[in-house]
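Shown below: query.txt, with compact mmCIF, C-alpha atoms.
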# COMPACT_ATOMS: atom_id res chain seq x y z
CA MET A 824 35.01 -1.34 3.26
CA ALA A 825 35.27 2.39 2.76
CA GLN A 826 32.01 4.27 3.16
CA GLU A 827 30.89 6.67 0.46
CA ALA A 828 29.77 9.99 1.86
CA ALA A 829 27.42 11.35 -0.80
CA ARG A 830 23.85 10.25 -1.19
CA GLY A 831 23.00 8.46 -4.40
CA SER A 832 20.21 10.98 -4.98
CA ALA A 833 22.69 13.85 -4.77
CA LYS A 834 24.92 12.14 -7.32
CA LEU A 835 21.89 11.55 -9.50
CA TRP A 836 21.04 15.23 -9.55
CA ASP A 837 24.62 16.13 -10.13
CA ARG A 838 24.97 13.73 -13.04
CA VAL A 839 21.60 14.11 -14.72
CA PHE A 840 20.56 17.64 -13.92
CA GLU A 841 23.76 19.33 -12.81
CA ALA A 842 21.85 20.82 -9.92
CA GLU A 843 21.29 20.36 -6.21
CA PRO A 844 18.45 18.06 -5.18
CA PRO A 845 15.15 19.87 -4.66
CA THR A 846 13.96 21.35 -1.41
CA GLN A 847 11.74 19.35 0.92
CA ALA A 848 8.69 21.21 -0.42
CA ASP A 849 9.57 20.45 -4.02
CA LEU A 850 10.24 16.85 -3.14
CA SER A 851 6.90 16.62 -1.42
CA LYS A 852 5.17 17.98 -4.49
CA ALA A 853 6.97 15.60 -6.81
CA VAL A 854 6.27 12.59 -4.61
CA THR A 855 2.61 13.51 -4.24
CA GLY A 856 2.30 13.91 -7.99
CA ALA A 857 4.06 10.66 -8.77
CA ARG A 858 1.97 8.74 -6.27
CA GLU A 859 -1.12 9.70 -8.21
CA SER A 860 0.17 7.63 -11.09
CA TYR A 861 2.33 5.07 -9.38
CA ARG A 862 1.24 3.20 -6.33
CA ILE A 863 3.25 0.68 -4.39
CA LEU A 864 0.76 -1.86 -3.23
CA ARG A 865 3.06 -4.67 -2.23
CA TRP A 866 6.60 -5.00 -0.97
CA TRP A 867 8.66 -8.13 -0.89
CA LYS A 868 11.61 -9.29 1.10
CA TYR A 869 15.15 -9.30 -0.24
CA GLY A 870 15.86 -12.16 -2.59
CA GLN A 871 12.21 -12.85 -3.17
CA PRO A 872 11.33 -11.60 -6.60
CA GLN A 873 7.76 -10.79 -7.30
CA ILE A 874 6.58 -14.14 -8.41
CA ASP A 875 3.75 -13.42 -10.73
CA ARG A 876 6.17 -11.10 -12.64
CA ILE A 877 3.37 -9.84 -14.80
CA LYS A 878 1.66 -7.54 -12.35
CA ALA A 879 3.74 -4.39 -11.81
CA THR A 880 4.40 -3.35 -8.24
CA LEU A 881 4.27 0.24 -9.36
CA ASP A 882 0.77 0.31 -10.71
CA VAL A 883 0.23 2.89 -13.39
CA ARG A 884 -3.05 4.67 -13.61
CA THR A 885 -2.70 5.76 -17.18
CA ASP A 886 -6.19 7.20 -17.23
CA LEU A 887 -5.10 9.74 -14.64
CA ALA A 888 -1.59 10.47 -15.76
CA GLY A 889 -2.35 13.34 -18.11
CA SER A 890 -4.65 15.20 -15.76
CA VAL A 891 -2.30 14.70 -12.83
CA ILE A 892 0.52 16.34 -14.71
CA GLN A 893 -1.76 19.19 -15.65
CA ASP A 894 -2.80 19.63 -12.02
CA ILE A 895 0.79 19.85 -10.95
CA LEU A 896 1.52 22.36 -13.67
CA ASN A 897 -1.42 24.45 -12.52
CA ALA A 898 -0.38 24.16 -8.90
CA GLY A 899 3.02 25.50 -9.86
CA GLY A 900 1.32 28.80 -10.71
CA GLY A 901 4.19 29.98 -12.88
CA ASN A 902 6.77 29.12 -10.26
CA GLN A 903 9.76 28.19 -12.38
CA ARG A 904 11.35 25.89 -9.88
CA ALA A 905 8.18 23.88 -9.39
CA SER A 906 7.94 23.44 -13.14
CA VAL A 907 11.47 22.24 -13.31
CA ILE A 908 10.94 19.71 -10.58
CA LEU A 909 7.97 18.36 -12.44
CA ASP A 910 10.03 18.04 -15.54
CA ALA A 911 12.61 16.05 -13.66
CA PHE A 912 9.94 13.42 -13.25
CA PRO A 913 7.79 13.61 -16.31
CA TYR A 914 5.16 11.07 -15.38
CA GLY A 915 2.63 10.74 -18.08
CA LEU A 916 4.21 13.24 -20.41
CA PRO A 917 4.09 11.76 -23.86
CA LYS A 918 7.14 13.48 -25.31
CA VAL A 919 10.52 13.04 -23.72
CA GLU A 920 11.93 15.88 -25.84
CA GLY A 921 9.97 18.39 -23.85
CA VAL A 922 11.77 17.30 -20.71
CA GLN A 923 15.18 17.85 -22.17
CA VAL A 924 14.39 21.45 -22.98
CA ASN A 925 13.36 22.12 -19.41
CA VAL A 926 16.41 20.44 -17.97
CA THR A 927 18.50 22.97 -19.88
CA PHE A 928 16.42 25.67 -18.32
CA GLU A 929 17.12 24.22 -14.86
CA ARG A 930 20.85 24.51 -15.50
CA GLU A 931 20.51 28.14 -16.48
CA ILE A 932 18.61 29.25 -13.43
CA ASN A 933 21.01 27.51 -11.11
CA ARG A 934 24.11 29.20 -12.39
CA MET B 145 -7.69 -17.60 -2.96
CA GLN B 146 -5.53 -14.73 -1.80
CA GLY B 147 -3.01 -15.00 1.00
CA PRO B 148 -3.02 -13.10 4.28
CA ILE B 149 -1.81 -9.83 2.80
CA GLY B 150 -3.68 -9.89 -0.45
CA ASP B 151 -1.29 -11.90 -2.60
CA ASP B 152 -2.00 -14.81 -4.81
CA TYR B 153 1.12 -16.49 -3.53
CA ARG B 154 2.01 -17.74 -0.10
CA VAL B 155 5.75 -18.17 -0.05
CA LEU B 156 8.05 -20.54 1.74
CA GLN B 157 11.62 -19.37 1.39
CA ILE B 158 14.36 -21.89 2.08
CA HIS B 159 17.97 -21.13 2.97
CA PRO B 160 19.33 -24.68 2.81
CA THR B 161 22.97 -23.67 3.28
CA LEU B 162 25.11 -20.63 3.95
CA ARG B 163 27.81 -21.98 1.69
CA CYS B 164 28.66 -19.46 -0.98
CA ASN B 165 31.40 -18.87 -3.53
CA LEU B 166 31.44 -15.17 -2.57
CA LYS B 167 31.66 -13.29 0.71
CA CYS B 168 29.69 -10.11 0.06
CA PRO B 169 29.91 -7.30 2.63
CA HIS B 170 26.16 -6.72 2.44
CA CYS B 171 25.12 -10.35 2.89
CA TYR B 172 22.27 -10.52 5.39
CA SER B 173 22.96 -14.19 6.11
CA SER B 174 26.76 -13.82 6.44
CA SER B 175 27.28 -16.58 3.89
CA SER B 176 30.76 -17.55 2.76
CA PRO B 177 32.92 -20.32 1.23
CA GLU B 178 33.86 -21.47 4.73
CA GLU B 179 30.30 -22.58 5.49
CA VAL B 180 29.67 -26.23 4.62
CA ALA B 181 26.55 -27.41 6.47
CA GLU B 182 23.37 -28.21 4.54
CA LEU B 183 19.83 -29.12 5.45
CA PRO B 184 19.05 -32.73 4.51
CA LEU B 185 16.90 -33.37 1.47
CA ASP B 186 14.49 -35.69 3.26
CA LEU B 187 13.71 -33.05 5.84
CA LEU B 188 13.07 -30.44 3.15
CA ARG B 189 10.92 -32.78 1.08
CA GLN B 190 8.69 -33.50 4.03
CA THR B 191 8.59 -29.81 4.92
CA LEU B 192 7.51 -28.87 1.42
CA SER B 193 4.69 -31.40 1.46
CA GLU B 194 3.44 -30.20 4.82
CA ALA B 195 3.82 -26.55 3.92
CA PHE B 196 1.85 -27.16 0.75
CA ALA B 197 -0.90 -28.71 2.85
CA GLU B 198 -0.84 -25.51 4.97
CA GLY B 199 -1.50 -23.42 1.86
CA TYR B 200 1.98 -22.43 0.71
CA ASN B 201 2.04 -22.50 -3.06
CA ALA B 202 5.42 -20.94 -3.86
CA VAL B 203 8.94 -21.74 -2.81
CA GLY B 204 12.02 -19.57 -3.12
CA VAL B 205 15.45 -21.15 -2.65
CA SER B 206 18.11 -18.75 -1.47
CA GLY B 207 21.19 -19.12 0.65
CA GLY B 208 24.12 -18.99 0.65
CA GLU B 209 24.48 -19.73 -2.98
CA PRO B 210 21.74 -22.23 -3.83
CA LEU B 211 23.69 -23.54 -6.81
CA MET B 212 26.23 -24.88 -4.30
CA PHE B 213 23.53 -26.77 -2.41
CA SER B 214 23.88 -30.44 -3.32
CA SER B 215 20.14 -31.20 -3.13
CA LEU B 216 18.80 -28.21 -5.03
CA HIS B 217 17.45 -30.40 -7.80
CA GLY B 218 15.63 -32.65 -5.34
CA VAL B 219 14.03 -29.71 -3.53
CA LEU B 220 12.82 -28.11 -6.73
CA GLU B 221 11.60 -31.42 -8.07
CA GLN B 222 9.53 -31.95 -4.93
CA ALA B 223 8.12 -28.43 -5.09
CA ARG B 224 7.23 -28.91 -8.73
CA SER B 225 5.57 -32.25 -8.11
CA LEU B 226 3.32 -30.48 -5.62
CA GLY B 227 2.50 -27.80 -8.18
CA MET B 228 4.34 -25.01 -6.39
CA VAL B 229 5.81 -21.99 -8.15
CA THR B 230 9.59 -21.93 -7.76
CA THR B 231 12.30 -19.27 -7.72
CA VAL B 232 16.04 -19.48 -7.13
CA THR B 233 18.11 -16.48 -6.00
CA THR B 234 21.75 -16.63 -7.06
CA ASN B 235 24.81 -14.49 -7.68
CA GLY B 236 24.81 -16.01 -11.16
CA LEU B 237 28.43 -17.06 -11.30
CA LEU B 238 27.69 -20.78 -11.39
CA LEU B 239 24.87 -20.73 -13.93
CA ASP B 240 26.58 -22.98 -16.44
CA ARG B 241 24.85 -24.92 -19.16
CA LYS B 242 24.64 -28.14 -17.21
CA ARG B 243 23.01 -26.48 -14.23
CA LEU B 244 20.67 -24.57 -16.48
CA ARG B 245 19.63 -27.81 -18.16
CA ASP B 246 18.82 -29.19 -14.72
CA LEU B 247 16.95 -26.09 -13.67
CA ARG B 248 15.07 -25.18 -16.76
CA GLU B 249 12.08 -27.46 -16.22
CA LEU B 250 12.00 -26.86 -12.49
CA VAL B 251 12.29 -23.09 -12.02
CA ASP B 252 9.83 -20.36 -12.88
CA LEU B 253 12.23 -17.51 -12.25
CA ILE B 254 15.92 -17.15 -11.49
CA ALA B 255 16.80 -14.00 -9.56
CA ILE B 256 20.35 -12.76 -10.05
CA SER B 257 22.02 -10.21 -7.80
CA LEU B 258 23.22 -7.06 -9.55
CA ASP B 259 24.47 -4.32 -7.28
CA GLY B 260 25.23 -1.51 -9.69
CA ILE B 261 27.53 -0.76 -12.56
CA GLU B 262 30.51 -3.06 -13.00
CA ALA B 263 32.86 -1.38 -10.51
CA SER B 264 30.19 -1.08 -7.82
CA HIS B 265 28.97 -4.61 -8.34
CA ASN B 266 32.49 -6.00 -8.03
CA ARG B 267 33.08 -3.99 -4.87
CA MET B 268 29.82 -5.15 -3.31
CA ARG B 269 30.55 -8.74 -4.31
CA GLY B 270 34.11 -8.61 -3.03
CA ASN B 271 35.37 -10.02 -6.34
CA PRO B 272 37.01 -7.97 -9.12
CA ARG B 273 35.54 -10.23 -11.82
CA ALA B 274 32.07 -10.85 -10.40
CA PHE B 275 30.28 -8.68 -12.96
CA GLU B 276 32.19 -10.03 -15.94
CA LEU B 277 31.63 -13.64 -14.91
CA MET B 278 27.95 -13.10 -14.17
CA LYS B 279 27.42 -11.31 -17.49
CA LYS B 280 29.08 -14.16 -19.34
CA ARG B 281 26.55 -16.60 -17.88
CA LEU B 282 23.56 -14.60 -19.05
CA GLU B 283 23.92 -15.77 -22.62
CA ASP B 284 23.42 -19.36 -21.47
CA VAL B 285 20.47 -18.29 -19.31
CA ARG B 286 18.83 -16.76 -22.35
CA ASP B 287 19.62 -19.82 -24.46
CA ALA B 288 18.01 -22.01 -21.83
CA GLN B 289 14.93 -19.80 -22.07
CA VAL B 290 14.64 -19.48 -18.33
CA LYS B 291 12.99 -16.31 -17.12
CA PHE B 292 15.27 -14.24 -14.97
CA ALA B 293 15.21 -11.14 -12.83
CA PHE B 294 17.88 -8.90 -11.36
CA ILE B 295 17.97 -7.85 -7.71
CA PHE B 296 19.49 -4.45 -7.02
CA THR B 297 20.37 -3.64 -3.42
CA LEU B 298 19.66 0.04 -2.89
CA THR B 299 22.03 1.73 -0.47
CA MET B 300 22.32 5.33 0.68
CA HIS B 301 24.91 5.85 -2.04
CA ASN B 302 23.95 4.11 -5.28
CA LEU B 303 20.62 5.46 -6.52
CA HIS B 304 22.38 7.24 -9.38
CA GLU B 305 23.27 3.84 -10.84
CA LEU B 306 19.71 2.55 -11.05
CA GLU B 307 19.10 3.82 -14.57
CA GLN B 308 22.23 2.07 -15.86
CA VAL B 309 21.28 -1.09 -14.02
CA ALA B 310 17.82 -0.99 -15.61
CA SER B 311 19.34 -0.39 -19.01
CA PHE B 312 21.61 -3.40 -18.51
CA ALA B 313 18.65 -5.48 -17.36
CA VAL B 314 16.69 -4.60 -20.49
CA GLU B 315 19.67 -5.19 -22.76
CA GLN B 316 20.20 -8.62 -21.22
CA GLY B 317 16.54 -9.60 -21.47
CA ALA B 318 15.58 -9.69 -17.80
CA SER B 319 11.87 -9.83 -17.02
CA LEU B 320 12.05 -7.97 -13.74
CA LEU B 321 14.22 -5.65 -11.72
CA GLN B 322 13.79 -5.89 -7.96
CA VAL B 323 15.00 -2.83 -6.06
CA HIS B 324 15.38 -3.68 -2.41
CA PRO B 325 16.76 -1.39 0.31
CA LEU B 326 19.86 -2.64 2.08
CA GLU B 327 19.12 -3.98 5.51
CA GLU B 328 21.85 -3.76 8.08
CA VAL B 329 21.73 -7.29 9.29
CA GLY B 330 24.23 -10.11 9.01
CA ARG B 331 27.56 -8.99 7.65
CA ALA B 332 26.15 -5.63 6.56
CA GLN B 333 25.61 -4.73 10.20
CA SER B 334 29.33 -4.29 10.71
CA LEU B 335 30.71 -3.72 7.22
CA LEU B 336 28.04 -1.39 5.84
CA ALA B 337 26.80 0.35 8.96
CA GLY B 338 25.00 3.57 8.06
CA SER B 339 24.58 2.58 4.40
CA SER B 340 20.93 1.61 4.36
CA PRO B 341 18.82 4.25 2.66
CA ASP B 342 16.82 6.49 4.98
CA ASP B 343 13.25 7.56 4.28
CA LEU B 344 14.43 10.64 2.39
CA GLU B 345 16.55 8.54 0.06
CA LEU B 346 13.62 6.15 -0.38
CA SER B 347 11.49 9.06 -1.58
CA TYR B 348 14.06 9.96 -4.20
CA ALA B 349 14.36 6.30 -5.08
CA PHE B 350 10.61 6.09 -5.62
CA LEU B 351 10.77 8.99 -8.04
CA GLU B 352 13.74 7.49 -9.84
CA CYS B 353 12.00 4.11 -10.02
CA ALA B 354 8.98 5.77 -11.52
CA ARG B 355 11.14 7.60 -14.06
CA VAL B 356 12.98 4.40 -14.99
CA LYS B 357 9.73 2.49 -15.07
CA GLN B 358 8.39 4.96 -17.57
CA MET B 359 11.54 4.71 -19.69
CA TYR B 360 11.18 0.95 -19.99
CA ALA B 361 7.44 0.64 -19.60
CA ASP B 362 6.88 -2.40 -21.78
CA LYS B 363 10.30 -3.94 -21.50
CA LEU B 364 10.90 -4.41 -17.80
CA GLN B 365 8.86 -4.87 -14.68
CA LEU B 366 10.12 -2.92 -11.74
CA GLN B 367 9.61 -4.00 -8.17
CA PHE B 368 10.44 -1.47 -5.46
CA ASP B 369 10.27 -3.02 -2.02
CA VAL B 370 9.20 -0.17 0.19
CA ALA B 371 6.02 0.30 2.11
CA ASP B 372 3.86 3.34 1.43
CA ARG B 373 2.57 4.55 4.79
CA GLU B 374 -0.68 5.71 3.23
CA VAL B 375 -1.35 2.28 1.74
CA VAL B 376 -0.44 0.71 5.06
CA ARG B 377 -2.80 3.05 6.90
CA ASP B 378 -5.63 2.19 4.49
CA TYR B 379 -4.88 -1.53 4.37
CA PRO B 380 -3.40 -2.59 7.72
CA CYS B 381 -3.93 -6.22 6.73
CA LYS B 382 -0.94 -5.85 4.40
CA VAL B 383 1.28 -5.66 7.46
CA TYR B 384 -0.72 -8.10 9.63
CA ALA B 385 -2.02 -5.20 11.68
CA ASP B 386 -5.75 -5.20 11.04
CA GLU B 387 -7.71 -5.38 14.24
CA ARG B 388 -9.32 -8.78 14.55
CA THR B 389 -11.58 -10.09 17.24
CA ASP B 390 -11.73 -13.56 15.76
CA LEU B 391 -8.20 -14.76 16.42
CA ASP B 392 -9.39 -18.12 17.71
CA GLU B 393 -11.21 -18.73 14.48
CA LEU B 394 -8.28 -17.44 12.42
CA CYS B 395 -5.98 -19.91 14.13
CA ARG B 396 -8.01 -22.75 12.72
CA GLN B 397 -7.11 -21.68 9.18
CA PRO B 398 -4.11 -23.07 7.30
CA LEU B 399 -0.89 -21.32 8.24
CA GLY B 400 -0.53 -19.99 4.70
CA ASP B 401 -3.64 -17.93 5.27
CA LEU B 402 -2.05 -16.31 8.31
CA VAL B 403 1.53 -15.51 7.34
CA SER B 404 3.61 -15.30 4.19
CA THR B 405 6.59 -15.28 3.67
CA LEU B 406 7.80 -18.04 5.95
CA ILE B 407 11.53 -18.70 6.13
CA VAL B 408 13.39 -21.96 6.68
CA GLU B 409 16.80 -20.88 7.93
CA ASN B 410 19.99 -22.81 7.32
CA ASP B 411 19.84 -24.62 10.68
CA GLY B 412 16.25 -25.72 10.14
CA PHE B 413 14.64 -23.05 12.30
CA VAL B 414 11.49 -21.52 10.82
CA VAL B 415 10.66 -17.84 11.25
CA PRO B 416 8.05 -15.54 9.71
CA ILE B 417 8.72 -12.57 7.41
CA GLN B 418 12.44 -12.80 6.74
CA TYR B 419 15.79 -14.37 7.51
CA GLY B 420 17.08 -13.41 10.95
CA PHE B 421 13.69 -12.52 12.44
CA ALA B 422 13.70 -12.81 16.23
CA ARG B 423 13.20 -16.42 17.18
CA ALA B 424 10.81 -15.46 19.95
CA TYR B 425 8.30 -15.08 17.10
CA GLY B 426 9.52 -18.16 15.25
CA LEU B 427 7.87 -21.54 14.75
CA GLY B 428 10.75 -23.69 15.98
CA SER B 429 13.22 -26.13 14.50
CA LEU B 430 12.40 -28.67 11.82
CA ARG B 431 15.16 -30.81 13.25
CA SER B 432 13.06 -31.48 16.32
CA ASP B 433 9.47 -31.25 15.07
CA SER B 434 7.62 -31.58 11.81
CA PHE B 435 6.40 -28.50 9.97
CA ARG B 436 2.84 -29.55 10.67
CA ASP B 437 3.42 -29.66 14.42
CA LEU B 438 5.38 -26.40 14.43
CA ALA B 439 2.58 -24.71 12.52
CA ALA B 440 -0.09 -25.93 14.92
CA ARG B 441 1.85 -24.74 17.96
CA TRP B 442 2.70 -21.37 16.41
CA LYS B 443 -0.91 -20.65 15.57
CA ALA B 444 -1.96 -21.36 19.14
CA ASP B 445 0.95 -19.88 21.07
CA VAL B 446 2.77 -17.25 19.03
CA TYR B 447 0.45 -15.87 16.37
CA PRO B 448 -1.35 -13.45 18.73
CA SER B 449 1.93 -11.89 19.90
CA PHE B 450 3.21 -11.77 16.31
CA ARG B 451 0.14 -9.74 15.39
CA GLN B 452 0.65 -7.47 18.39
CA LEU B 453 4.21 -6.84 17.23
CA CYS B 454 2.98 -5.97 13.74
CA ARG B 455 0.32 -3.71 15.18
CA ARG B 456 2.92 -1.75 17.15
CA VAL B 457 5.05 -1.33 14.05
CA PHE B 458 1.96 -0.25 12.11
CA GLU B 459 1.12 2.43 14.67
CA GLN B 460 4.68 3.69 14.61
CA MET B 461 4.65 3.85 10.80
CA VAL B 462 1.37 5.68 10.52
CA ALA B 463 2.33 8.15 13.24
CA THR B 464 5.50 9.15 11.38
CA ALA B 465 3.91 9.63 7.95
CA SER B 466 4.66 12.84 6.08
CA PRO B 467 3.83 13.96 2.54
CA SER B 468 7.44 14.12 1.45
CA LEU B 469 8.55 10.95 3.18
CA PRO B 470 5.74 8.45 2.73
CA PHE B 471 7.95 5.42 2.18
CA THR B 472 9.75 3.22 4.59
CA ASN B 473 11.35 -0.19 4.74
CA TRP B 474 8.74 -2.19 6.58
CA TYR B 475 10.93 -5.29 6.67
CA GLY B 476 13.68 -3.36 8.42
CA LEU B 477 11.25 -1.88 10.94
CA VAL B 478 9.46 -5.07 11.84
CA MET B 479 12.70 -7.02 11.99
CA GLU B 480 14.27 -4.51 14.37
CA SER B 481 11.13 -4.39 16.46
CA SER B 482 11.05 -8.16 16.72
CA TYR B 483 14.21 -7.87 18.82
CA THR B 484 13.34 -4.82 20.86
CA SER B 485 9.61 -5.20 21.36
CA THR B 486 8.13 -7.12 24.22
CA SER B 487 4.96 -9.05 23.64
Any chance you could give the structure as structure tokens?
Amino acid sequence: MAQEAARGSAKLWDRVFEAEPPTQADLSKAVTGARESYRILRWWKYGQPQIDRIKATLDVRTDLAGSVIQDILNAGGGNQRASVILDAFPYGLPKVEGVQVNVTFEREINR
Amino acid sequence: MQGPIGDDYRVLQIHPTLRCNLKCPHCYSSSSPEEVAELPLDLLRQTLSEAFAEGYNAVGVSGGEPLMFSSLHGVLEQARSLGMVTTVTTNGLLLDRKRLRDLRELVDLIAISLDGIEASHNRMRGNPRAFELMKKRLEDVRDAQVKFAFIFTLTMHNLHELEQVASFAVEQGASLLQVHPLEEVGRAQSLLAGSSPDDLELSYAFLECARVKQMYADKLQLQFDVADREVVRDYPCKVYADERTDLDELCRQPLGDLVSTLIVENDGFVVPIQYGFARAYGLGSLRSDSFRDLAARWKADVYPSFRQLCRRVFEQMVATASPSLPFTNWYGLVMESSYTSTS
């Protein structure tokens, strides 16, 4: 079976954001932010679906989501790239439309 | 009462045959149409009863293709009569109305493999019509009102398809999408070498899972099978690595309180954690001893070294934690270590 060279994440960025994946620092920031809202508390083996199927593996702390996003925005300190990375993963943001605007902005600064 | 790692369920997973109608390159059990052997129903019935007595309250039937296992109905019936929760993991191609009628009262959840968009799925399944045939069966699954989930095998190369897979899952009415990293065992070891996602790809996958989860918040549960090193560090019991001084006392507890998942492999050998785990840490063969006897011996003779193995993996995981790469495939690590580690 022929091996595909490109990472799925690279293709994802290419397809969705038309940009290169973020730097390690940006990734770290995004992961840290997302882990404030989503927490993986249990992992199962292959072929063993989560049986109770009601409890989400990615637990959402909705009470924190808004403030977490705000913290990340503040931490960005006007850094455009950091803002864009946040927008790529809009956890807790109530309006998806806002994300689309910023994705356009990402395309512009990368050209 | 919760199981050893904080779950409500203590799972016995049975691979009664490696017979399968497909021959997927990523199959961890190297199943294929050429395989014909099956575990006998009587042996599995007795095993279920004894496992239930040891605290196991859920059974997952996998394979091979479980729908090609001649005694599937009998196994599920026995599990049900004991009050166990049941799941069946299938490629979906054989889910016809008759089988669904048989299954509907006996199965809590059917898990169907879905490895990407149509072209990718067909390639991974080694069949140009696998997706089309599976999709055709879903209408009957819905009609039968059986809950079903999809299992997506995450590789180094297919994260960009997750959103479309989730969209398909929602459109088809699935309750759950399981995202599980490819493990290079079985046939995947030779045919997909280098394709399991590394920790960097798992970080991106986490973010993408979270994004997809948010898109379909109320419509689909998402299960991402990676371990978060920070959670592991805070809760070592989740990976059997908490330091205990009362092992003798622990060994007097039912086996289900000590280890879950437990796997019955196609030849009747029982191992902890997952299919293919090193047999040095296994319980032994059901063809030579009863489950009850195997459990008693394992608790006394092997459990301490199993915990030592898990502790070593835990220390390795925690030592390699970093803010940008917090996730790892614990199953892959512990499986590999079971072969390389000395007790």
Write out as an mmCIF file with C-alpha atoms, in the coordinates of the input each polymer residue whose atoms come within 7 Å of range 412-417 of chain B, counting only C-alpha atoms; drop sequence neighbours fewer than 5 positions from it.
data_model
loop_
_atom_site.group_PDB
_atom_site.id
_atom_site.type_symbol
_atom_site.label_atom_id
_atom_site.label_comp_id
_atom_site.auth_asym_id
_atom_site.auth_seq_id
_atom_site.Cartn_x
_atom_site.Cartn_y
_atom_site.Cartn_z
ATOM 1 C CA LEU B 183 19.830 -29.120 5.450
ATOM 2 C CA VAL B 403 1.530 -15.510 7.340
ATOM 3 C CA SER B 404 3.610 -15.300 4.190
ATOM 4 C CA THR B 405 6.590 -15.280 3.670
ATOM 5 C CA LEU B 406 7.800 -18.040 5.950
ATOM 6 C CA ILE B 407 11.530 -18.700 6.130
ATOM 7 C CA ARG B 423 13.200 -16.420 17.180
ATOM 8 C CA TYR B 425 8.300 -15.080 17.100
ATOM 9 C CA GLY B 426 9.520 -18.160 15.250
ATOM 10 C CA LEU B 427 7.870 -21.540 14.750
ATOM 11 C CA GLY B 428 10.750 -23.690 15.980
ATOM 12 C CA SER B 429 13.220 -26.130 14.500
ATOM 13 C CA LEU B 430 12.400 -28.670 11.820
ATOM 14 C CA ARG B 431 15.160 -30.810 13.250
#
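Look at everything within 12 Å of (-3.0, -9.1, 19.4) using only C-alpha atoms, and the residues you get are Tyr384, Ala385, Asp386, Glu387, Arg388, Thr389, Asp390, Leu391, Asp392, Asp445, Val446, Tyr447, Pro448, Ser449, Phe450, Arg451, Gln452, Leu453, Cys454, Arg455, Arg456 and Ser487 of chain B.
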### Summary
Shortest contact to chain A, candidates B:Leu438, B:Cys395, B:Leu166, B:Val383, atoms counted all atoms listed in the file, goes to B:Val383
### Message
Env of Ala263 in chain B: 10 Å cut, atoms = all atoms listed in the file, seq-sep filter 4 positions within chain, self excluded. Answer as a PyMOL selection string.
### Response
chain B and resi 259+267-269+271-275
Could you write those residues out with C-alpha atoms, as a compact mmCIF listing (two decimals), in the coordinates of the input?
# COMPACT_ATOMS: atom_id res chain seq x y z
CA ASP B 259 24.47 -4.32 -7.28
CA ARG B 267 33.08 -3.99 -4.87
CA MET B 268 29.82 -5.15 -3.31
CA ARG B 269 30.55 -8.74 -4.31
CA ASN B 271 35.37 -10.02 -6.34
CA PRO B 272 37.01 -7.97 -9.12
CA ARG B 273 35.54 -10.23 -11.82
CA ALA B 274 32.07 -10.85 -10.40
CA PHE B 275 30.28 -8.68 -12.96
### Summary
As a check of understanding: the span from CA of Gln308 in chain B to CA of Asn165 in chain B is 26.0 Å
Copy range 419-440 of chain B out of the block into a file, keeping C-alpha atoms, as a PDB file, in the first residue's frame.
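Generated output (result32.pdb):
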ATOM      1  CA  TYR B 419      -5.413  -7.749  21.637  1.00  0.00           C
ATOM      2  CA  GLY B 420      -1.818  -8.841  21.093  1.00  0.00           C
ATOM      3  CA  PHE B 421      -0.544  -7.843  24.540  1.00  0.00           C
ATOM      4  CA  ALA B 422       2.561  -9.803  25.528  1.00  0.00           C
ATOM      5  CA  ARG B 423       1.510 -13.158  26.860  1.00  0.00           C
ATOM      6  CA  ALA B 424       4.036 -12.949  29.660  1.00  0.00           C
ATOM      7  CA  TYR B 425       1.456 -10.649  31.278  1.00  0.00           C
ATOM      8  CA  GLY B 426      -1.504 -12.768  30.195  1.00  0.00           C
ATOM      9  CA  LEU B 427      -3.835 -14.956  32.219  1.00  0.00           C
ATOM     10  CA  GLY B 428      -3.469 -18.131  30.158  1.00  0.00           C
ATOM     11  CA  SER B 429      -5.631 -20.204  27.864  1.00  0.00           C
ATOM     12  CA  LEU B 430      -9.303 -20.926  28.413  1.00  0.00           C
ATOM     13  CA  ARG B 431      -8.771 -24.136  26.511  1.00  0.00           C
ATOM     14  CA  SER B 432      -6.751 -25.525  29.389  1.00  0.00           C
ATOM     15  CA  ASP B 433      -8.187 -23.791  32.465  1.00  0.00           C
ATOM     16  CA  SER B 434     -11.396 -22.085  33.474  1.00  0.00           C
ATOM     17  CA  PHE B 435     -11.594 -18.309  33.639  1.00  0.00           C
ATOM     18  CA  ARG B 436     -11.991 -18.545  37.389  1.00  0.00           C
ATOM     19  CA  ASP B 437      -8.762 -20.496  37.787  1.00  0.00           C
ATOM     20  CA  LEU B 438      -6.866 -18.259  35.363  1.00  0.00           C
ATOM     21  CA  ALA B 439      -8.033 -15.199  37.258  1.00  0.00           C
ATOM     22  CA  ALA B 440      -6.939 -16.595  40.617  1.00  0.00           C
TER      23      ALA B 440
END
